[in-house]
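One file, protein19.pdb, carrying PDB, C-alpha atoms:
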```pdb
MODEL        1
ATOM      1  CA  MET A 106       3.089  26.444  -3.165
ATOM      2  CA  TRP A 107       2.892  26.206  -6.970
ATOM      3  CA  GLN A 108       6.646  25.869  -7.220
ATOM      4  CA  TRP A 109       6.507  23.059  -4.664
ATOM      5  CA  LEU A 110       3.791  21.311  -6.656
ATOM      6  CA  TYR A 111       5.854  21.745  -9.798
ATOM      7  CA  LYS A 112       8.886  20.178  -8.120
ATOM      8  CA  LEU A 113       6.740  17.180  -7.113
ATOM      9  CA  THR A 114       6.293  16.335 -10.780
ATOM     10  CA  SER A 115      10.047  15.821 -11.185
ATOM     11  CA  PRO A 116      11.048  12.160 -10.742
ATOM     12  CA  LYS A 117      14.530  13.149  -9.572
ATOM     13  CA  TRP A 118      13.155  15.443  -6.884
ATOM     14  CA  PHE A 119      10.653  12.798  -5.748
ATOM     15  CA  TYR A 120      13.362  10.138  -5.587
ATOM     16  CA  THR A 121      15.734  12.318  -3.554
ATOM     17  CA  ILE A 122      13.167  13.703  -1.117
ATOM     18  CA  SER A 123      11.417  10.369  -0.549
ATOM     19  CA  GLY A 124      14.789   8.764   0.181
ATOM     20  CA  GLN A 125      15.550  11.393   2.824
ATOM     21  CA  LEU A 126      12.040  11.181   4.283
ATOM     22  CA  MET A 127      11.952   7.377   4.509
ATOM     23  CA  PRO A 128      13.796   6.770   7.844
ATOM     24  CA  TRP A 129      11.572   9.321   9.626
ATOM     25  CA  LEU A 130       8.443   7.842   8.116
ATOM     26  CA  VAL A 131       9.456   4.300   9.091
ATOM     27  CA  GLY A 132      10.233   5.396  12.671
ATOM     28  CA  LEU A 133       6.973   7.305  13.122
ATOM     29  CA  THR A 134       4.904   4.504  11.554
ATOM     30  CA  THR A 135       6.478   1.826  13.749
ATOM     31  CA  PHE A 136       5.813   3.929  16.847
ATOM     32  CA  LEU A 137       2.177   4.691  15.970
ATOM     33  CA  LEU A 138       1.330   1.125  14.924
ATOM     34  CA  GLY A 139       3.130  -0.366  17.933
ATOM     35  CA  VAL A 140       1.349   1.839  20.467
ATOM     36  CA  GLY A 141      -2.035   1.524  18.746
ATOM     37  CA  LEU A 142      -1.961  -2.259  18.365
ATOM     38  CA  ILE A 143      -0.757  -3.026  21.903
ATOM     39  CA  TRP A 144      -3.197  -0.514  23.383
ATOM     40  CA  GLY A 145      -6.130  -1.804  21.335
ATOM     41  CA  LEU A 146      -5.363  -5.473  21.847
ATOM     42  CA  ALA A 147      -4.525  -5.532  25.523
ATOM     43  CA  PHE A 148      -5.467  -2.346  27.361
ATOM     44  CA  THR A 149      -8.896  -1.165  26.253
ATOM     45  CA  PRO A 150     -11.813  -2.646  28.192
ATOM     46  CA  PRO A 151     -13.951  -5.341  26.467
ATOM     47  CA  ASP A 152     -17.203  -4.369  24.758
ATOM     48  CA  TYR A 153     -20.340  -5.071  26.818
ATOM     49  CA  GLN A 154     -22.009  -6.972  23.946
ATOM     50  CA  MET A 155     -19.229  -8.305  21.729
ATOM     51  CA  GLY A 156     -16.687  -9.013  24.455
ATOM     52  CA  GLU A 157     -13.101  -9.178  23.249
ATOM     53  CA  ASN A 158     -14.120  -9.783  19.635
ATOM     54  CA  TYR A 159     -14.617  -6.058  18.944
ATOM     55  CA  ARG A 160     -10.808  -5.640  18.989
ATOM     56  CA  ILE A 161     -10.895  -6.559  15.296
ATOM     57  CA  ALA A 162     -12.320  -3.069  14.793
ATOM     58  CA  TYR A 163      -8.926  -1.511  15.519
ATOM     59  CA  ILE A 164      -7.627  -2.835  12.209
ATOM     60  CA  HIS A 165     -10.904  -3.203  10.281
ATOM     61  CA  VAL A 166     -11.923   0.470  10.418
ATOM     62  CA  PRO A 167      -8.495   2.018   9.567
ATOM     63  CA  ALA A 168      -7.920  -0.552   6.782
ATOM     64  CA  ALA A 169     -11.254   0.269   5.167
ATOM     65  CA  SER A 170     -10.798   4.050   5.333
ATOM     66  CA  ILE A 171      -7.252   3.883   3.972
ATOM     67  CA  ALA A 172      -8.374   1.593   1.145
ATOM     68  CA  MET A 173     -10.948   4.244   0.177
ATOM     69  CA  GLY A 174      -8.376   7.010   0.534
ATOM     70  CA  CYS A 175      -6.064   4.992  -1.700
ATOM     71  CA  TYR A 176      -8.716   4.851  -4.393
ATOM     72  CA  TYR A 177      -9.179   8.640  -4.210
ATOM     73  CA  MET A 178      -5.408   9.042  -4.484
ATOM     74  CA  MET A 179      -5.326   6.783  -7.554
ATOM     75  CA  ALA A 180      -8.180   8.757  -9.166
ATOM     76  CA  ILE A 181      -6.551  12.149  -8.446
ATOM     77  CA  MET A 182      -3.275  10.915  -9.943
ATOM     78  CA  ALA A 183      -5.217   9.549 -12.929
ATOM     79  CA  ALA A 184      -6.792  12.966 -13.499
ATOM     80  CA  ALA A 185      -3.414  14.706 -13.186
ATOM     81  CA  PHE A 186      -1.960  12.306 -15.719
ATOM     82  CA  LEU A 187      -4.809  12.744 -18.201
ATOM     83  CA  ILE A 188      -5.031  16.548 -17.888
ATOM     84  CA  TRP A 189      -1.393  17.635 -17.484
ATOM     85  CA  ARG A 190       0.358  14.458 -18.707
ATOM     86  CA  ILE A 191       2.497  14.309 -15.588
ATOM     87  CA  LYS A 192       4.520  11.090 -15.772
ATOM     88  CA  MET A 193       5.091  11.154 -12.010
ATOM     89  CA  ALA A 194       1.308  11.028 -11.422
ATOM     90  CA  ASP A 195       1.004   7.882 -13.525
ATOM     91  CA  MET A 196       3.803   6.212 -11.567
ATOM     92  CA  VAL A 197       2.049   6.955  -8.252
ATOM     93  CA  ALA A 198      -1.283   5.767  -9.711
ATOM     94  CA  LYS A 199       0.381   2.510 -10.742
ATOM     95  CA  ALA A 200       1.704   2.065  -7.188
ATOM     96  CA  CYS A 201      -1.755   2.716  -5.697
ATOM     97  CA  ALA A 202      -3.514  -0.262  -7.323
ATOM     98  CA  PRO A 203      -1.780  -3.219  -5.595
ATOM     99  CA  VAL A 204      -1.560  -1.395  -2.250
ATOM    100  CA  GLY A 205      -5.245  -0.442  -2.360
ATOM    101  CA  MET A 206      -6.158  -3.980  -3.369
ATOM    102  CA  THR A 207      -4.430  -5.506  -0.331
ATOM    103  CA  PHE A 208      -5.976  -2.944   2.041
ATOM    104  CA  THR A 209      -9.456  -3.627   0.630
ATOM    105  CA  ALA A 210      -8.852  -7.366   0.991
ATOM    106  CA  LEU A 211      -7.797  -6.738   4.598
ATOM    107  CA  ALA A 212     -10.987  -4.766   5.315
ATOM    108  CA  LEU A 213     -13.123  -7.517   3.752
ATOM    109  CA  PHE A 214     -11.304 -10.360   5.519
ATOM    110  CA  THR A 215     -11.373  -8.759   8.981
ATOM    111  CA  GLY A 216     -15.031  -7.885   8.420
ATOM    112  CA  SER A 217     -15.888 -11.466   7.467
ATOM    113  CA  VAL A 218     -14.037 -12.922  10.439
ATOM    114  CA  TRP A 219     -15.811 -10.431  12.685
ATOM    115  CA  GLY A 220     -19.164 -11.237  11.106
ATOM    116  CA  ILE A 221     -19.063 -14.975  11.849
ATOM    117  CA  PRO A 222     -19.677 -14.680  15.603
ATOM    118  CA  THR A 223     -21.562 -11.351  15.609
ATOM    119  CA  TRP A 224     -23.803 -11.629  12.523
ATOM    120  CA  GLY A 225     -23.840 -15.405  12.195
ATOM    121  CA  THR A 226     -22.512 -15.154   8.620
ATOM    122  CA  TRP A 227     -19.202 -14.290   6.996
ATOM    123  CA  TRP A 228     -20.813 -12.698   3.942
ATOM    124  CA  ILE A 229     -24.054 -11.003   2.944
ATOM    125  CA  TRP A 230     -24.828  -9.058  -0.226
ATOM    126  CA  ASP A 231     -25.668  -5.817   1.525
ATOM    127  CA  ALA A 232     -24.735  -2.411   0.098
ATOM    128  CA  ARG A 233     -21.604  -1.783   2.210
ATOM    129  CA  LEU A 234     -20.044  -5.180   1.575
ATOM    130  CA  THR A 235     -20.969  -5.343  -2.098
ATOM    131  CA  SER A 236     -19.648  -1.854  -2.906
ATOM    132  CA  THR A 237     -16.406  -2.620  -1.059
ATOM    133  CA  LEU A 238     -16.034  -5.840  -3.067
ATOM    134  CA  ILE A 239     -16.561  -3.790  -6.246
ATOM    135  CA  MET A 240     -13.730  -1.489  -5.148
ATOM    136  CA  MET A 241     -11.430  -4.502  -4.795
ATOM    137  CA  PHE A 242     -12.388  -5.657  -8.291
ATOM    138  CA  LEU A 243     -11.691  -2.138  -9.596
ATOM    139  CA  PHE A 244      -8.170  -2.255  -8.131
ATOM    140  CA  ILE A 245      -7.630  -5.703  -9.664
ATOM    141  CA  GLY A 246      -9.126  -4.517 -12.958
ATOM    142  CA  VAL A 247      -6.757  -1.534 -13.112
ATOM    143  CA  MET A 248      -3.768  -3.825 -12.540
ATOM    144  CA  ALA A 249      -4.935  -6.303 -15.187
ATOM    145  CA  LEU A 250      -5.611  -3.507 -17.672
ATOM    146  CA  ARG A 251      -2.122  -2.083 -17.248
ATOM    147  CA  SER A 252      -0.464  -5.444 -17.721
ATOM    148  CA  ALA A 253      -2.408  -5.899 -20.972
ATOM    149  CA  TYR A 254      -0.575  -2.962 -22.591
ATOM    150  CA  ASP A 255       2.976  -2.989 -23.908
ATOM    151  CA  SER A 256       3.092   0.794 -24.151
ATOM    152  CA  GLU A 257       3.482   2.435 -20.750
ATOM    153  CA  THR A 258       1.687   5.631 -21.846
ATOM    154  CA  ALA A 259      -1.264   3.908 -23.511
ATOM    155  CA  GLY A 260      -1.685   1.570 -20.523
ATOM    156  CA  GLY A 261      -1.484   4.521 -18.151
ATOM    157  CA  LYS A 262      -4.197   6.378 -20.045
ATOM    158  CA  ALA A 263      -6.547   3.385 -20.113
ATOM    159  CA  CYS A 264      -6.013   2.803 -16.378
ATOM    160  CA  ALA A 265      -6.601   6.506 -15.690
ATOM    161  CA  VAL A 266      -9.975   6.384 -17.445
ATOM    162  CA  LEU A 267     -11.025   3.234 -15.589
ATOM    163  CA  SER A 268      -9.888   4.729 -12.251
ATOM    164  CA  LEU A 269     -11.911   7.897 -12.880
ATOM    165  CA  VAL A 270     -15.030   5.983 -13.874
ATOM    166  CA  GLY A 271     -14.770   3.798 -10.778
ATOM    167  CA  VAL A 272     -14.345   6.709  -8.354
ATOM    168  CA  VAL A 273     -18.147   7.089  -8.167
ATOM    169  CA  ASN A 274     -18.119   3.875  -6.118
ATOM    170  CA  VAL A 275     -16.169   5.369  -3.198
ATOM    171  CA  PRO A 276     -18.869   7.775  -1.913
ATOM    172  CA  ILE A 277     -21.343   4.912  -2.408
ATOM    173  CA  ILE A 278     -19.263   2.830   0.043
ATOM    174  CA  LYS A 279     -19.129   5.726   2.499
ATOM    175  CA  TYR A 280     -22.865   6.536   2.475
ATOM    176  CA  SER A 281     -24.190   3.013   1.784
ATOM    177  CA  VAL A 282     -24.994   2.534   5.465
ATOM    178  CA  GLU A 283     -27.149   5.681   5.430
ATOM    179  CA  TRP A 284     -28.818   5.327   2.033
ATOM    180  CA  TRP A 285     -29.827   1.698   2.395
ATOM    181  CA  ASN A 286     -30.935  -0.493   5.246
ATOM    182  CA  THR A 287     -27.786  -2.559   5.722
ATOM    183  CA  LEU A 288     -26.705  -5.248   8.120
ATOM    184  CA  HIS A 289     -23.428  -3.351   8.404
ATOM    185  CA  GLN A 290     -23.587  -0.762  11.167
ATOM    186  CA  GLY A 291     -23.254   2.975  10.585
ATOM    187  CA  ALA A 292     -20.122   5.047  11.196
ATOM    188  CA  SER A 293     -18.744   3.959  14.559
ATOM    189  CA  SER A 294     -16.895   6.048  17.103
ATOM    190  CA  LEU A 295     -13.694   4.563  15.672
ATOM    191  CA  SER A 296     -14.021   6.621  12.500
ATOM    192  CA  LEU A 297     -13.028  10.279  12.511
ATOM    193  CA  SER A 298     -16.568  11.425  11.677
ATOM    194  CA  ASN A 299     -18.223  10.276  14.892
ATOM    195  CA  THR A 300     -16.136  10.392  18.063
ATOM    196  CA  ALA A 301     -18.945  11.348  20.454
ATOM    197  CA  ALA A 302     -20.431   7.846  20.817
ATOM    198  CA  ASN A 303     -17.642   6.406  22.965
ATOM    199  CA  PRO A 304     -15.092   7.681  25.500
ATOM    200  CA  PRO A 305     -11.555   8.475  24.265
ATOM    201  CA  GLU A 306      -9.980   5.358  25.827
ATOM    202  CA  ILE A 307     -11.997   3.312  23.336
ATOM    203  CA  TRP A 308     -11.262   5.258  20.153
ATOM    204  CA  MET A 309      -7.762   6.574  20.865
ATOM    205  CA  PRO A 310      -6.017   3.278  19.884
ATOM    206  CA  ALA A 311      -7.886   3.343  16.575
ATOM    207  CA  PHE A 312      -6.432   6.793  15.878
ATOM    208  CA  PHE A 313      -2.918   5.527  16.542
ATOM    209  CA  VAL A 314      -3.446   2.512  14.279
ATOM    210  CA  GLY A 315      -5.163   4.725  11.692
ATOM    211  CA  PHE A 316      -2.328   7.262  11.451
ATOM    212  CA  GLY A 317       0.230   4.454  11.666
ATOM    213  CA  LEU A 318      -1.448   2.597   8.840
ATOM    214  CA  PHE A 319      -1.565   5.823   6.835
ATOM    215  CA  GLY A 320       2.197   6.145   7.345
ATOM    216  CA  PHE A 321       2.593   2.541   6.239
ATOM    217  CA  TYR A 322       0.484   3.245   3.171
ATOM    218  CA  LEU A 323       2.792   6.155   2.267
ATOM    219  CA  ILE A 324       5.855   3.914   2.721
ATOM    220  CA  ALA A 325       4.354   1.214   0.472
ATOM    221  CA  ILE A 326       3.466   3.763  -2.233
ATOM    222  CA  ILE A 327       6.907   5.416  -2.041
ATOM    223  CA  LEU A 328       8.775   2.079  -2.313
ATOM    224  CA  ARG A 329       6.847   1.089  -5.448
ATOM    225  CA  THR A 330       7.080   4.553  -7.000
ATOM    226  CA  ARG A 331      10.856   4.669  -6.473
ATOM    227  CA  ASN A 332      11.224   1.329  -8.265
ATOM    228  CA  GLU A 333       9.092   2.644 -11.095
ATOM    229  CA  ILE A 334      11.247   5.792 -11.379
ATOM    230  CA  LEU A 335      14.431   3.715 -11.655
ATOM    231  CA  ILE A 336      12.893   1.596 -14.411
ATOM    232  CA  ARG A 337      11.207   4.306 -16.474
ATOM    233  CA  GLU A 338      13.932   6.950 -16.159
ATOM    234  CA  ARG A 339      16.862   4.570 -16.604
ATOM    235  CA  LYS A 340      18.108   6.585 -19.580
ATOM    236  CA  ALA A 341      18.375   9.771 -17.497
ATOM    237  CA  GLU A 342      21.889  10.649 -16.396
ATOM    238  CA  TRP A 343      21.060  10.925 -12.678
ATOM    239  CA  VAL A 344      19.434   7.476 -12.655
ATOM    240  CA  GLY A 345      22.563   6.045 -14.244
ATOM    241  CA  GLU A 346      24.576   7.545 -11.406
ATOM    242  CA  VAL A 347      22.174   6.197  -8.770
ATOM    243  CA  LEU A 348      22.211   2.759 -10.392
ATOM    244  CA  SER A 349      25.990   2.490 -10.670
ATOM    245  CA  ALA A 350      26.360   3.712  -7.076
ATOM    246  CA  THR A 351      23.903   1.091  -5.728
ATOM    247  CA  LEU A 352      25.376  -1.597  -7.971
ATOM    248  CA  LEU A 353      28.838  -0.838  -6.670
ATOM    249  CA  VAL A 354      27.648  -1.148  -3.068
ATOM    250  CA  ASN A 355      25.564  -4.268  -3.709
ATOM    251  CA  LYS A 356      27.934  -6.033  -6.097
ATOM    252  CA  GLY A 357      28.648  -8.730  -3.545
ATOM    253  CA  LYS A 358      25.047  -9.014  -2.364
ATOM    254  CA  VAL A 359      22.833  -9.132  -5.454
TER     255      VAL A 359
ATOM    256  CA  MET B  39      -1.657  -7.304  31.438
ATOM    257  CA  GLY B  40      -3.992  -4.400  30.757
ATOM    258  CA  SER B  41      -7.621  -5.463  30.791
ATOM    259  CA  PHE B  42      -6.701  -9.169  30.969
ATOM    260  CA  ASP B  43      -5.851 -11.115  34.152
ATOM    261  CA  SER B  44      -3.082 -13.212  32.619
ATOM    262  CA  PHE B  45      -1.209 -13.803  29.395
ATOM    263  CA  SER B  46      -3.182 -16.961  28.666
ATOM    264  CA  ASP B  47      -6.378 -14.914  29.122
ATOM    265  CA  PHE B  48      -4.986 -12.456  26.595
ATOM    266  CA  LEU B  49      -4.332 -15.268  24.104
ATOM    267  CA  ALA B  50      -7.809 -16.719  24.673
ATOM    268  CA  MET B  51      -9.473 -13.348  23.857
ATOM    269  CA  GLY B  52     -12.556 -14.286  25.860
ATOM    270  CA  GLY B  53     -13.278 -17.245  23.564
ATOM    271  CA  TYR B  54     -12.818 -15.229  20.345
ATOM    272  CA  ALA B  55      -9.164 -16.188  19.834
ATOM    273  CA  THR B  56      -9.729 -17.713  16.350
ATOM    274  CA  TYR B  57     -11.448 -14.580  15.029
ATOM    275  CA  VAL B  58      -9.290 -11.916  16.636
ATOM    276  CA  TRP B  59      -5.948 -13.590  15.938
ATOM    277  CA  SER B  60      -6.738 -14.613  12.358
ATOM    278  CA  ALA B  61      -7.756 -11.002  11.633
ATOM    279  CA  TYR B  62      -4.490  -9.703  13.115
ATOM    280  CA  ALA B  63      -2.508 -12.415  11.294
ATOM    281  CA  PHE B  64      -3.951 -11.290   7.958
ATOM    282  CA  PHE B  65      -3.107  -7.700   8.916
ATOM    283  CA  ILE B  66       0.543  -8.652   9.498
ATOM    284  CA  LEU B  67       0.534 -10.574   6.202
ATOM    285  CA  VAL B  68      -0.654  -7.489   4.309
ATOM    286  CA  LEU B  69       2.067  -5.378   5.957
ATOM    287  CA  ILE B  70       4.799  -7.888   5.095
ATOM    288  CA  PHE B  71       3.616  -8.280   1.494
ATOM    289  CA  ASN B  72       3.562  -4.528   0.842
ATOM    290  CA  ILE B  73       7.160  -4.113   2.042
ATOM    291  CA  TRP B  74       8.660  -7.386   0.824
ATOM    292  CA  GLN B  75       7.316  -7.283  -2.742
ATOM    293  CA  PRO B  76       8.731  -3.872  -3.783
ATOM    294  CA  ILE B  77      12.079  -4.645  -2.107
ATOM    295  CA  LEU B  78      12.262  -7.954  -3.999
ATOM    296  CA  SER B  79      11.450  -6.368  -7.361
ATOM    297  CA  ARG B  80      14.059  -3.666  -6.705
ATOM    298  CA  LYS B  81      16.683  -6.348  -6.091
ATOM    299  CA  LYS B  82      15.620  -8.197  -9.219
ATOM    300  CA  TYR B  83      15.898  -5.019 -11.280
ATOM    301  CA  LEU B  84      19.336  -4.168  -9.868
ATOM    302  CA  LYS B  85      20.556  -7.689 -10.623
ATOM    303  CA  GLN B  86      19.318  -7.331 -14.187
ATOM    304  CA  GLN B  87      21.111  -3.995 -14.583
ATOM    305  CA  LEU B  88      24.322  -5.457 -13.150
ATOM    306  CA  ARG B  89      24.221  -8.307 -15.670
ATOM    307  CA  ARG B  90      23.594  -5.848 -18.505
ATOM    308  CA  GLU B  91      26.617  -3.826 -17.412
ATOM    309  CA  GLN B  92      28.806  -6.956 -17.299
ATOM    310  CA  VAL B  93      27.682  -8.043 -20.767
ATOM    311  CA  GLN B  94      28.521  -4.591 -22.128
ATOM    312  CA  GLN B  95      31.975  -4.710 -20.552
ATOM    313  CA  GLU B  96      32.672  -8.176 -21.958
ATOM    314  CA  ARG B  97      31.532  -7.049 -25.384
ATOM    315  CA  ALA B  98      33.815  -4.021 -25.249
ATOM    316  CA  GLN B  99      36.776  -6.197 -24.228
ATOM    317  CA  ALA B 100      36.087  -8.693 -26.996
ATOM    318  CA  GLN B 101      35.871  -5.857 -29.517
ATOM    319  CA  GLN B 102      39.214  -4.495 -28.319
ATOM    320  CA  LYS B 103      40.840  -7.911 -28.660
ATOM    321  CA  ARG B 104      39.489  -8.332 -32.168
ATOM    322  CA  GLU B 105      40.900  -4.972 -33.170
ATOM    323  CA  GLU B 106      44.296  -5.895 -31.758
ATOM    324  CA  ILE B 107      44.360  -9.158 -33.722
ATOM    325  CA  THR B 108      43.356  -7.527 -37.017
ATOM    326  CA  ASN B 109      45.885  -4.748 -36.493
ATOM    327  CA  GLY B 110      48.596  -7.317 -35.723
ATOM    328  CA  SER B 111      47.968  -9.374 -38.880
ATOM    329  CA  ALA B 112      48.039  -6.242 -41.044
ATOM    330  CA  THR B 113      51.595  -5.347 -40.095
TER     331      THR B 113
ENDMDL
END
```
Starting from the file, give its structure as structure tokens.
Amino acid sequence: MWQWLYKLTSPKWFYTISGQLMPWLVGLTTFLLGVGLIWGLAFTPPDYQMGENYRIAYIHVPAASIAMGCYYMMAIMAAAFLIWRIKMADMVAKACAPVGMTFTALALFTGSVWGIPTWGTWWIWDARLTSTLIMMFLFIGVMALRSAYDSETAGGKACAVLSLVGVVNVPIIKYSVEWWNTLHQGASSLSLSNTAANPPEIWMPAFFVGFGLFGFYLIAIILRTRNEILIRERKAEWVGEVLSATLLVNKGKV
Amino acid sequence: MGSFDSFSDFLAMGGYATYVWSAYAFFILVLIFNIWQPILSRKKYLKQQLRREQVQQERAQAQQKREEITNGSAT
């Protein structure tokens, strides 16, 4: 276990393993997303109050939970970078910010579009929506902060501190619907924490989309991290070999 | 298909077509962006490295030529 964790901190090991893992991950993700989306869009029965409009939930709920998970991931990597100075952790943290930002934007957009016919408004400053918007600004802030530094290490450290300070916001998002009286509903049967409220044929598609979107999230993080490894470790011998091999193959194409 | 009577019913989404389909369109957009952007920056980086390699090769060749000329004039 410890040896495995130690190996994870090696860029070369990460690059090799993620490359081997990628085709399997892409296959599994495509399958899960395909089944979940078709099932949720066309085969589940309509809601008795919201009609067909509730189908937005099949992307809204997974997008929001993965955005929050992405923030936790970024904060854990930030801590690992600050405490143990693991370069690999900083590279993953850097990859988390843009991915998390787009997933948060997706949760906000689908929520707004859903809110127009059901709430009568696309936006309201209630606790759930406001704290989610703050999370999106935190992701954007981390990206802006990193681009303000020339030194990769100094920028990484500053981003790590900001990520760790902002992590307090994530449980606030999660429990906002319980702590305050919000227009946003509480945890639905589409989230893992409360499956008793609806029969499985309603929440099963959300699980497929959820795990599929998690697979997609891993793919997005891995793609960005691999790029980062090639750039930061370009002086390492093995990266030189990888680069000349890919350049040789792509000479005609790039 | 499924819980809908026809394909046009499916597209109409019980009158919520604008909301449901714009949400799913944004979803697809987010998926495409998160794949396309890293692939593009990888290509850009590889191109840059290829150019750097070419410049180094040209420099080495020019250096060799210069040495040949100076050696030739000395004899």
Selected residue of minimal separation from Ile161 in chain A among B:Ser41, B:Gln86, B:Tyr54, B:Ile77, counting all atoms listed in the file: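 Closest candidate: B:Tyr54.
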Coordinates-based distance that separates CA of Val247 in chain A from CA of Lys117 in chain A (Å, one decimal): 26.1 Å
Residues matched by the PyMOL selection byres ((chain A) within 7 of (chain B)) as JSON, numbers by chain: {"A": [147, 148, 149, 150, 156, 157, 158, 160, 161, 204, 207, 211, 215, 218, 219, 325, 328, 329, 332, 352, 359]}
Distance in Å - CA of Gly261 in chain A versus CA of Tyr177 in chain A: 16.4 Å
Atomic distance CA of Glu338 in chain A - CA of Thr351 in chain A, expressed in Å with one decimal: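 Rounded to one decimal, the two atoms are 15.6 Å apart.
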Provide an axis-aligned box for all listed atoms of range 96-109 of chain B, padding each side by 6 Å; report its centre and its edge lengths in Å to one decimal, as AutoDock Vina command-line options.
```
--center_x 38.7 --center_y -6.6 --center_z -29.5 --size_x 26.4 --size_y 17.1 --size_z 27.1
```
Sphere at (-26.8, -4.2, -0.5), radius 10 Å, counting all atoms listed in the file: residues as number ranges by chain: A: 229-236, 281-282, 285-289
From A:Arg331, A:Lys199, A:Leu126, A:Leu146, residue lying nearest Asp47 in chain B [only C-alpha atoms]: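 Smallest separation from Asp47 in chain B among the options: A:Leu146.
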12 Å contact set for range 270-278 of chain A, all atoms listed in the file, chain neighbours under 4 positions out, as a count of residues only: 46
Cut-off 9 Å around (-8.2, 5.2, 17.6) with only C-alpha atoms: residues as a list in words: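 I get Gly141, Gly145, Tyr163, Pro167, Ser294, Leu295, Ser296, Leu297, Pro305, Glu306, Ile307, Trp308, Met309, Pro310, Ala311, Phe312, Phe313, Val314, Gly315 and Phe316 of chain A for the residues within 9 Å of that point.
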Go ahead and write the selection's residues with C-alpha atoms as a compact mmCIF listing (two decimals), keeping the file's coordinate frame.
```txt
# COMPACT_ATOMS: atom_id res chain seq x y z
CA GLY A 141 -2.04 1.52 18.75
CA GLY A 145 -6.13 -1.80 21.34
CA TYR A 163 -8.93 -1.51 15.52
CA PRO A 167 -8.49 2.02 9.57
CA SER A 294 -16.90 6.05 17.10
CA LEU A 295 -13.69 4.56 15.67
CA SER A 296 -14.02 6.62 12.50
CA LEU A 297 -13.03 10.28 12.51
CA PRO A 305 -11.56 8.48 24.26
CA GLU A 306 -9.98 5.36 25.83
CA ILE A 307 -12.00 3.31 23.34
CA TRP A 308 -11.26 5.26 20.15
CA MET A 309 -7.76 6.57 20.86
CA PRO A 310 -6.02 3.28 19.88
CA ALA A 311 -7.89 3.34 16.58
CA PHE A 312 -6.43 6.79 15.88
CA PHE A 313 -2.92 5.53 16.54
CA VAL A 314 -3.45 2.51 14.28
CA GLY A 315 -5.16 4.72 11.69
CA PHE A 316 -2.33 7.26 11.45
```
Selection: 10 Å around Met193 in chain A, only C-alpha atoms, excl. self and same-chain fewer than 6 positions, as a list in words: Leu113, Thr114, Ser115, Pro116, Lys117, Phe119, Met182, Ala185, Phe186, Lys199, Thr330, Glu333 and Ile334 of chain A
Can you complete the atoms of range 70-83 of chain B to N, CA and C atoms and list them as a PDB file, keeping the file's coordinate frame?
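The resulting rebuild_35.pdb:
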```
ATOM      1  N   ILE B  70       3.579  -7.250   5.597  1.00  0.00           N
ATOM      2  CA  ILE B  70       4.799  -7.888   5.095  1.00  0.00           C
ATOM      3  C   ILE B  70       4.811  -7.873   3.568  1.00  0.00           C
ATOM      4  N   PHE B  71       3.677  -8.230   2.956  1.00  0.00           N
ATOM      5  CA  PHE B  71       3.616  -8.280   1.494  1.00  0.00           C
ATOM      6  C   PHE B  71       3.957  -6.925   0.877  1.00  0.00           C
ATOM      7  N   ASN B  72       3.382  -5.855   1.443  1.00  0.00           N
ATOM      8  CA  ASN B  72       3.562  -4.528   0.842  1.00  0.00           C
ATOM      9  C   ASN B  72       4.969  -3.973   1.004  1.00  0.00           C
ATOM     10  N   ILE B  73       5.756  -4.526   1.908  1.00  0.00           N
ATOM     11  CA  ILE B  73       7.160  -4.113   2.042  1.00  0.00           C
ATOM     12  C   ILE B  73       8.051  -5.067   1.236  1.00  0.00           C
ATOM     13  N   TRP B  74       7.794  -6.359   1.390  1.00  0.00           N
ATOM     14  CA  TRP B  74       8.660  -7.386   0.824  1.00  0.00           C
ATOM     15  C   TRP B  74       8.633  -7.360  -0.703  1.00  0.00           C
ATOM     16  N   GLN B  75       7.451  -7.206  -1.288  1.00  0.00           N
ATOM     17  CA  GLN B  75       7.316  -7.283  -2.742  1.00  0.00           C
ATOM     18  C   GLN B  75       8.093  -6.181  -3.457  1.00  0.00           C
ATOM     19  N   PRO B  76       7.934  -4.887  -3.088  1.00  0.00           N
ATOM     20  CA  PRO B  76       8.731  -3.872  -3.783  1.00  0.00           C
ATOM     21  C   PRO B  76      10.236  -4.017  -3.554  1.00  0.00           C
ATOM     22  N   ILE B  77      10.647  -4.467  -2.367  1.00  0.00           N
ATOM     23  CA  ILE B  77      12.079  -4.645  -2.107  1.00  0.00           C
ATOM     24  C   ILE B  77      12.629  -5.754  -3.005  1.00  0.00           C
ATOM     25  N   LEU B  78      11.839  -6.838  -3.157  1.00  0.00           N
ATOM     26  CA  LEU B  78      12.262  -7.954  -3.999  1.00  0.00           C
ATOM     27  C   LEU B  78      12.384  -7.524  -5.461  1.00  0.00           C
ATOM     28  N   SER B  79      11.405  -6.759  -5.942  1.00  0.00           N
ATOM     29  CA  SER B  79      11.450  -6.368  -7.361  1.00  0.00           C
ATOM     30  C   SER B  79      12.578  -5.368  -7.593  1.00  0.00           C
ATOM     31  N   ARG B  80      12.912  -4.577  -6.581  1.00  0.00           N
ATOM     32  CA  ARG B  80      14.059  -3.666  -6.705  1.00  0.00           C
ATOM     33  C   ARG B  80      15.359  -4.461  -6.858  1.00  0.00           C
ATOM     34  N   LYS B  81      15.483  -5.498  -6.027  1.00  0.00           N
ATOM     35  CA  LYS B  81      16.683  -6.348  -6.091  1.00  0.00           C
ATOM     36  C   LYS B  81      16.802  -7.016  -7.455  1.00  0.00           C
ATOM     37  N   LYS B  82      15.653  -7.525  -7.933  1.00  0.00           N
ATOM     38  CA  LYS B  82      15.620  -8.197  -9.219  1.00  0.00           C
ATOM     39  C   LYS B  82      16.073  -7.244 -10.328  1.00  0.00           C
ATOM     40  N   TYR B  83      15.564  -6.018 -10.267  1.00  0.00           N
ATOM     41  CA  TYR B  83      15.898  -5.019 -11.280  1.00  0.00           C
ATOM     42  C   TYR B  83      17.380  -4.670 -11.228  1.00  0.00           C
TER      43      TYR B  83
END
```
